[in-house]
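One structure below.
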Amino acid sequence: MRAVNYFLLIVESPTIKKSIEALEISGLEVISTSGYAWIPVADPKTGKLKARSNPDSAGFRKDLRDKALLASRIVIAMDSDPSGQFLAHAITVYLNRDDRITYGTITSIDRTSVESMLNKSTSRIRMNPDLLARYFTARTLLQRYIAHQTGSSASLAGMLAAGMKLMPFQTSDFISESGAHFRSTKPFETEATASFNTDPITDERTDIWKPTAHPVSTAILPWIPDTRFEDTQNRLNRLFTNRIDELDGTLISYPRTELTGYFQQTWNFLCEQYIRLNGAEELLPQSMRYDVTAEQGHEALHIRNLEHNPHSVRPYLKKEDLDLFTLIYDATLASLKRPEKLDKETCFTDESHIFFPSTAENNGDAGILKPIQCLDRFSQALFDTGWVKPSALGKTLDSLLEDKWIEIEALPVPHVKPGEALHQLDDKSASIALLLAKKNRDLYQIAMKTEEPGTSWRTIFADCLKDS
């Protein structure tokens, strides 16, 4: 007999499971897949995607079936990326597409948010089976293409990173000959080998402004010497899942996101908090705000309550967690603040762009500036390819470093440089890497959206890989 009003909530992370259980919501049972309970296996010949049972997760699958028998509602709350949506689909099939199943997205771990998610969950899965099959088939095709063309087992992420470092890139960060960090008032595309000969501004212009600070994604994940990125990302996840009762819940929003905008209700809430703390004079005008919609699944990473500042949360956090929290707190404040006006006397120009020192301590001449690609911009560029997802950023960066595709230089700010493996690429492998980097968005769009009558998307995909 099925229990009345008994919700079974299925999540990926065992930590999220424990955090939700700690809320003690009546009539709610939570179960975690603890990773891939099923493994995606794509067949490029047929374009079919199969869910292969992970033998290590047999206990979870039995527990799932037993608990599902007793539930009046089953809510699947996975990440909105293809890996999470694949698991949601695999669970749906395993439970024989039960009409009690609905789908939701966890954005915050507090009683109100979780109960709202349960009540608002819908019968529509975010990524349908056909779309999932196309995504995983496309990844398999790309990996086979790399192996065939280069004769190596280089990863897709590695080849994309190599290609990105061979291409012009967009930046607003520069380094002077003395090692000082300068920024441009607007980002622009440039070559890694470019240099900009600057002089002090001598004309009559007065309205020079710093660039607007957009909300941040998981790309804010910092480089910490002698620490794996995966470990840092796990600490970031714990900031989200660990409830602090004295502070009324969790400290940050959902930490796995590639988006750099807020939901409208988040803008309103954060702006109200900002005004209470700092007044309205420096608040970012509404016309300069970047919104995302609920249909996009998640929003930018931010502090949930600005009144919980680094000083007030210090007693509850370890130093390394406090450092992460402070980074996100400062980024959240910056995203709400109107850009600052610059003192012309501190600015330099090459006639096309305006540069300014990133800190007041950099008070010398800019002289000749060379572009750098800061770590957060590189990570966001990985997201923009479509093939690297926020949940895997830490592992991906660790892999790129270990395989020597990239190096990270700490000063004046952490930035990404080509690694030894990239310098050792033969001409053909370098051209393949460059091709993939140039066409990655086209390939992603073809795999996820293109469908022409009478033409297989895989044919269009293959044609796109032909270097014309």
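By convention here, the chains of the structure tokens are called A, B, ... in the order presented, each chain's residues are numbered starting at 1, and ligands are numbered starting at 1 in the order presented.
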(message) Using DSSP assignments from the backbone, pull out every residue in segment 183-365 of chain A that falls under alpha helix (DSSP H) and give it to me as a PyMOL selection string.
(response) chain A and resi 229-241+264-278+310-313+319-336
Can you pull out the residues contacting Asn305 of chain A? Cut-off 12 Å, using only C-alpha atoms, and skip same-chain residues under 3 positions away; I want them as a PDB file with N, CA and C atoms, in the first residue's frame.
```
ATOM      1  N   LEU A 247      22.846  30.901  11.326  1.00  0.00           N
ATOM      2  CA  LEU A 247      22.787  31.843  10.205  1.00  0.00           C
ATOM      3  C   LEU A 247      21.585  31.570   9.304  1.00  0.00           C
ATOM      4  N   ASP A 248      20.660  30.737   9.790  1.00  0.00           N
ATOM      5  CA  ASP A 248      19.400  30.497   9.089  1.00  0.00           C
ATOM      6  C   ASP A 248      19.604  29.832   7.736  1.00  0.00           C
ATOM      7  N   GLY A 249      20.435  28.768   7.712  1.00  0.00           N
ATOM      8  CA  GLY A 249      20.515  27.971   6.493  1.00  0.00           C
ATOM      9  C   GLY A 249      21.868  27.990   5.819  1.00  0.00           C
ATOM     10  N   THR A 250      21.855  27.754   4.505  1.00  0.00           N
ATOM     11  CA  THR A 250      23.093  27.695   3.734  1.00  0.00           C
ATOM     12  C   THR A 250      23.542  29.097   3.328  1.00  0.00           C
ATOM     13  N   LEU A 251      24.829  29.211   3.009  1.00  0.00           N
ATOM     14  CA  LEU A 251      25.421  30.532   2.795  1.00  0.00           C
ATOM     15  C   LEU A 251      25.392  31.009   1.357  1.00  0.00           C
ATOM     16  N   ILE A 252      25.475  30.073   0.394  1.00  0.00           N
ATOM     17  CA  ILE A 252      25.591  30.466  -1.011  1.00  0.00           C
ATOM     18  C   ILE A 252      24.515  29.792  -1.851  1.00  0.00           C
ATOM     19  N   SER A 253      24.340  30.284  -3.051  1.00  0.00           N
ATOM     20  CA  SER A 253      23.396  29.679  -3.996  1.00  0.00           C
ATOM     21  C   SER A 253      24.010  28.419  -4.604  1.00  0.00           C
ATOM     22  N   THR A 266      15.885  37.267  -7.635  1.00  0.00           N
ATOM     23  CA  THR A 266      17.163  37.343  -6.922  1.00  0.00           C
ATOM     24  C   THR A 266      17.729  38.756  -6.998  1.00  0.00           C
ATOM     25  N   PHE A 269      15.818  40.828  -4.508  1.00  0.00           N
ATOM     26  CA  PHE A 269      16.160  40.500  -3.128  1.00  0.00           C
ATOM     27  C   PHE A 269      17.547  41.025  -2.759  1.00  0.00           C
ATOM     28  N   LEU A 270      18.534  40.785  -3.640  1.00  0.00           N
ATOM     29  CA  LEU A 270      19.896  41.237  -3.356  1.00  0.00           C
ATOM     30  C   LEU A 270      19.990  42.764  -3.349  1.00  0.00           C
ATOM     31  N   CYS A 271      19.265  43.401  -4.256  1.00  0.00           N
ATOM     32  CA  CYS A 271      19.293  44.872  -4.297  1.00  0.00           C
ATOM     33  C   CYS A 271      18.688  45.471  -3.030  1.00  0.00           C
ATOM     34  N   GLU A 272      17.630  44.864  -2.526  1.00  0.00           N
ATOM     35  CA  GLU A 272      17.045  45.342  -1.264  1.00  0.00           C
ATOM     36  C   GLU A 272      18.068  45.236  -0.130  1.00  0.00           C
ATOM     37  N   GLN A 273      18.792  44.126  -0.091  1.00  0.00           N
ATOM     38  CA  GLN A 273      19.812  43.944   0.939  1.00  0.00           C
ATOM     39  C   GLN A 273      20.936  44.965   0.771  1.00  0.00           C
ATOM     40  N   TYR A 274      21.356  45.173  -0.480  1.00  0.00           N
ATOM     41  CA  TYR A 274      22.445  46.116  -0.753  1.00  0.00           C
ATOM     42  C   TYR A 274      22.073  47.528  -0.297  1.00  0.00           C
ATOM     43  N   ARG A 276      19.968  48.363   2.041  1.00  0.00           N
ATOM     44  CA  ARG A 276      19.968  48.428   3.500  1.00  0.00           C
ATOM     45  C   ARG A 276      21.385  48.595   4.046  1.00  0.00           C
ATOM     46  N   LEU A 277      22.367  47.974   3.369  1.00  0.00           N
ATOM     47  CA  LEU A 277      23.745  48.011   3.854  1.00  0.00           C
ATOM     48  C   LEU A 277      24.510  49.240   3.376  1.00  0.00           C
ATOM     49  N   HIS A 302      26.084  33.249  -5.975  1.00  0.00           N
ATOM     50  CA  HIS A 302      26.017  34.452  -5.148  1.00  0.00           C
ATOM     51  C   HIS A 302      25.807  34.093  -3.681  1.00  0.00           C
ATOM     52  N   HIS A 308      25.217  38.396   6.102  1.00  0.00           N
ATOM     53  CA  HIS A 308      26.178  37.403   6.583  1.00  0.00           C
ATOM     54  C   HIS A 308      27.502  37.645   5.855  1.00  0.00           C
ATOM     55  N   ASN A 309      28.280  38.580   6.378  1.00  0.00           N
ATOM     56  CA  ASN A 309      29.533  38.952   5.727  1.00  0.00           C
ATOM     57  C   ASN A 309      30.684  38.100   6.243  1.00  0.00           C
ATOM     58  N   PRO A 310      31.865  38.204   5.628  1.00  0.00           N
ATOM     59  CA  PRO A 310      32.992  37.358   6.062  1.00  0.00           C
ATOM     60  C   PRO A 310      33.304  37.461   7.552  1.00  0.00           C
ATOM     61  N   SER A 312      31.140  38.082  10.044  1.00  0.00           N
ATOM     62  CA  SER A 312      30.110  37.437  10.859  1.00  0.00           C
ATOM     63  C   SER A 312      30.116  35.914  10.736  1.00  0.00           C
ATOM     64  N   VAL A 313      30.577  35.381   9.591  1.00  0.00           N
ATOM     65  CA  VAL A 313      30.583  33.918   9.425  1.00  0.00           C
ATOM     66  C   VAL A 313      31.910  33.293   9.840  1.00  0.00           C
ATOM     67  N   PHE A 325      34.309  31.725   0.686  1.00  0.00           N
ATOM     68  CA  PHE A 325      33.119  32.524   0.957  1.00  0.00           C
ATOM     69  C   PHE A 325      33.395  34.000   0.691  1.00  0.00           C
ATOM     70  N   ILE A 328      33.352  34.861  -3.003  1.00  0.00           N
ATOM     71  CA  ILE A 328      31.996  34.931  -3.561  1.00  0.00           C
ATOM     72  C   ILE A 328      31.259  36.154  -3.022  1.00  0.00           C
ATOM     73  N   TYR A 329      31.488  36.482  -1.750  1.00  0.00           N
ATOM     74  CA  TYR A 329      30.843  37.662  -1.164  1.00  0.00           C
ATOM     75  C   TYR A 329      31.274  38.923  -1.902  1.00  0.00           C
ATOM     76  N   THR A 332      29.711  39.042  -5.324  1.00  0.00           N
ATOM     77  CA  THR A 332      28.283  39.380  -5.262  1.00  0.00           C
ATOM     78  C   THR A 332      28.096  40.881  -5.068  1.00  0.00           C
ATOM     79  N   LEU A 333      28.839  41.460  -4.149  1.00  0.00           N
ATOM     80  CA  LEU A 333      28.757  42.909  -3.940  1.00  0.00           C
ATOM     81  C   LEU A 333      29.114  43.676  -5.214  1.00  0.00           C
TER      82      LEU A 333
END
```
(message) Give me the residues near segment 289-296 of chain A as a VMD selection string, where near means some atom within 8 Å (using only C-alpha atoms) and where sequence neighbours in that chain fewer than 4 positions away do not count.
(response) chain A and resid 214 259 to 264 284 to 285
Selection to disk with C-alpha atoms, as an mmCIF file, in the first residue's frame:
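So part_19.cif came out as:
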```cif
data_model
loop_
_atom_site.group_PDB
_atom_site.id
_atom_site.type_symbol
_atom_site.label_atom_id
_atom_site.label_comp_id
_atom_site.auth_asym_id
_atom_site.auth_seq_id
_atom_site.Cartn_x
_atom_site.Cartn_y
_atom_site.Cartn_z
ATOM 1 C CA HIS A 214 28.849 40.791 -14.026
ATOM 2 C CA LEU A 259 25.386 31.347 -16.093
ATOM 3 C CA THR A 260 26.405 34.940 -15.308
ATOM 4 C CA GLY A 261 23.055 36.492 -14.500
ATOM 5 C CA TYR A 262 20.446 36.354 -11.722
ATOM 6 C CA PHE A 263 16.770 35.492 -11.695
ATOM 7 C CA GLN A 264 14.696 38.679 -11.496
ATOM 8 C CA LEU A 284 23.708 49.157 -10.396
ATOM 9 C CA PRO A 285 20.945 50.598 -12.640
#
```
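Remark: for Leu317 of chain A, the closest of the candidate residues A:Arg126, A:Arg111, A:His89, A:Arg238 is A:Arg238 (distances computed over only C-alpha atoms).
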(request) Compile the contact shell of Ile208 of chain A as number ranges by chain: residues with an atom at most 8 Å away, counting only C-alpha atoms, same-chain residues fewer than 4 positions apart removed. (result) A: 185, 341-344
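Residues with any atom within 12 Å of Asp350 of chain A, counting only C-alpha atoms and excluding same-chain neighbours fewer than 6 positions away, are Ser184, Ser195, Phe196, Asn197, Thr198, Asp199, Pro200, Ile201, Thr202, Phe356, Ala366, Gly367, Ile368 and Leu369 of chain A.
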(request) Enumerate, as an MDAnalysis selection string, the complete set of residues in segment 215-464 of chain A that a backbone-based DSSP assignment places in strand (DSSP E). (result) chainID A and resid 348:349 354:357 368:374 406:409 415:418
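Shortest atom-to-atom contact with Gly35 of chain A among A:Gly394, A:Pro225, A:Gly419, A:Gly84: A:Gly84, counting only C-alpha atoms.
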(request) Would you mind listing what lies within 6 Å of segment 19-33 of chain A as a list in words, with only C-alpha atoms counted and same-chain residues fewer than 4 positions away left out? (result) Tyr6, Phe7, Leu8, Leu9, Ile10, Val11, Glu12, Ser13, Pro14, Ala37 and Thr241 of chain A
What does the file look like for those residues with N, CA and C atoms, as a JSON list (two decimals), in the first residue's frame?
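In the end it all went to part18.json:
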```
[["chain", "number", "residue", "atom", "x", "y", "z"],
["A", 6, "TYR", "N", 3.41, 10.86, 0.76],
["A", 6, "TYR", "CA", 4.79, 10.43, 0.97],
["A", 6, "TYR", "C", 5.60, 10.80, -0.27],
["A", 7, "PHE", "N", 6.55, 11.72, -0.12],
["A", 7, "PHE", "CA", 7.40, 12.14, -1.23],
["A", 7, "PHE", "C", 8.71, 11.36, -1.18],
["A", 8, "LEU", "N", 9.12, 10.85, -2.32],
["A", 8, "LEU", "CA", 10.47, 10.29, -2.45],
["A", 8, "LEU", "C", 11.26, 11.25, -3.33],
["A", 9, "LEU", "N", 12.30, 11.86, -2.76],
["A", 9, "LEU", "CA", 13.15, 12.80, -3.48],
["A", 9, "LEU", "C", 14.46, 12.13, -3.83],
["A", 10, "ILE", "N", 14.83, 12.14, -5.11],
["A", 10, "ILE", "CA", 16.05, 11.49, -5.58],
["A", 10, "ILE", "C", 17.04, 12.55, -6.01],
["A", 11, "VAL", "N", 18.21, 12.58, -5.39],
["A", 11, "VAL", "CA", 19.25, 13.55, -5.71],
["A", 11, "VAL", "C", 20.54, 12.81, -6.06],
["A", 12, "GLU", "N", 21.52, 13.56, -6.60],
["A", 12, "GLU", "CA", 22.80, 12.95, -6.95],
["A", 12, "GLU", "C", 23.73, 12.84, -5.76],
["A", 13, "SER", "N", 23.88, 13.92, -5.01],
["A", 13, "SER", "CA", 24.93, 14.02, -4.00],
["A", 13, "SER", "C", 24.48, 13.48, -2.65],
["A", 14, "PRO", "N", 25.27, 12.61, -2.03],
["A", 14, "PRO", "CA", 24.93, 12.15, -0.67],
["A", 14, "PRO", "C", 25.01, 13.29, 0.35],
["A", 37, "ALA", "N", 24.81, 5.84, -11.15],
["A", 37, "ALA", "CA", 24.23, 4.52, -10.92],
["A", 37, "ALA", "C", 24.03, 3.79, -12.24],
["A", 241, "THR", "N", 25.99, 23.03, 0.77],
["A", 241, "THR", "CA", 25.22, 21.97, 1.43],
["A", 241, "THR", "C", 25.23, 22.08, 2.96]]
```
